[in-house]
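Working notes, structure below.
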Amino acid sequence: MGRIKELEKAAQNAEDKIFILKCRRLELDYQNKEWRKQALEPFVQLLEEAAKKEKKWSWLGICYLNTSLQTGSYEFLLSLYNNEFYFDPDPVELYWRPSGFFECFEDDMKSVMADLRKKYPRIWRYEEDAVRRVCVEYYYAAVRQLCADLADEIMETEAFQRAEKAEDFSAFFGRYQGEGEIIWRTRET
């Protein structure tokens with residue numbers, strides 16, 4: 001096994017143990033009405049912009065950006081597309097950074113890297129980047145779950161009701177212009 005694969009496996013084992021506590025904390029935080037309201041605001045803003053356009057929307061994309069991980073901004077791109085999906089010439093887009101998640105992630109990274117440095121002296125920046133890519137997946141999954149949990153609240157907003165949508169409007173979560181999965185639809189198929 002190569003050194004990077006070894007570091008990734010060790011990081012995943014360390015993150016498995018500490019993420020559970022952070023996940024519970026985030027679940028409690030997002031049960032608070034203020035936190036939920038703050039999480040809904042960007043979706044409402046996006047939908048209000050969409051309502052201004054005379055266009056039928058088919059897709060809501062919630063995408064993580066690799067550059068965002070590299071720069072430490074931890075933003076997601078929220079996008080509304082017509083039925084042409086990524087070929088929509090005029091999507092509505094907004095950047096979103098969900099509260100709490102990536103503060104927890106940075107905290108985890110300090111702990112994981114401290115543990116790894118005990119066993120692996122002289123960890124290079126590219127190796128740390130590989131570790132970050134492994135550990136951030138836990139937080140992407142948590143944000144994905146938050147977005148799925150917010151589905152009903154998003155669909156109940158006045159902005160969602162005003163925006164013109166396709167009958168089978170769908171929301172997906174994944175990597176920007178990469179793989180993703182549908183997390184909710186307005187109509188079951």
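Please note that chains go A, B, ... in the order of the structure tokens, that every chain numbers its residues from 1, and that ligands are numbered from 1 in the order shown.
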Might you pull out every residue within 8 Å of Ala51 in chain A, with only C-alpha atoms counted and same-chain residues fewer than 3 positions away left off, and present them as a list in words?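 Listed by chain and then number, they are Leu47, Glu48, Glu54, Ala159, Arg162, Ala163 and Glu164 of chain A.
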Could the residues in this selection be written to a file with C-alpha atoms, as a short mmCIF file (atom, residue, chain, number, x, y, z; two decimals), in the first residue's frame?
data_model
loop_
_atom_site.label_atom_id
_atom_site.label_comp_id
_atom_site.auth_asym_id
_atom_site.auth_seq_id
_atom_site.Cartn_x
_atom_site.Cartn_y
_atom_site.Cartn_z
CA LEU A 47 -35.98 30.97 -5.53
CA GLU A 48 -36.89 34.67 -5.32
CA GLU A 54 -39.98 33.91 -17.02
CA ALA A 159 -40.61 31.82 -2.88
CA ARG A 162 -44.06 31.54 -6.73
CA ALA A 163 -41.25 30.11 -8.87
CA GLU A 164 -42.48 28.38 -12.00
#
I'd like to know which residues of range 5-167 of chain A are alpha helix (DSSP H) (by DSSP, run on the backbone); could you write them as a ChimeraX atom specification? /A:5-29,33-51,66-71,101-119,125-149,151-156,158-162
Could you check how far CA of Asn83 in chain A sits from CA of Trp57 in chain A, in Å to one decimal?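 CA of Trp57 in chain A lies 6.9 Å from CA of Asn83 in chain A.
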From the set A:Met155, A:Ala50, A:Leu65, A:Val134, which residue has the shortest atom-to-atom contact distance to Pro91 in chain A, counting only C-alpha atoms?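 Closest to Pro91 in chain A, using only C-alpha atoms: A:Ala50.
Between CA of Phe102 in chain A and CA of Ala130 in chain A the interatomic distance comes to 16.9 Å.
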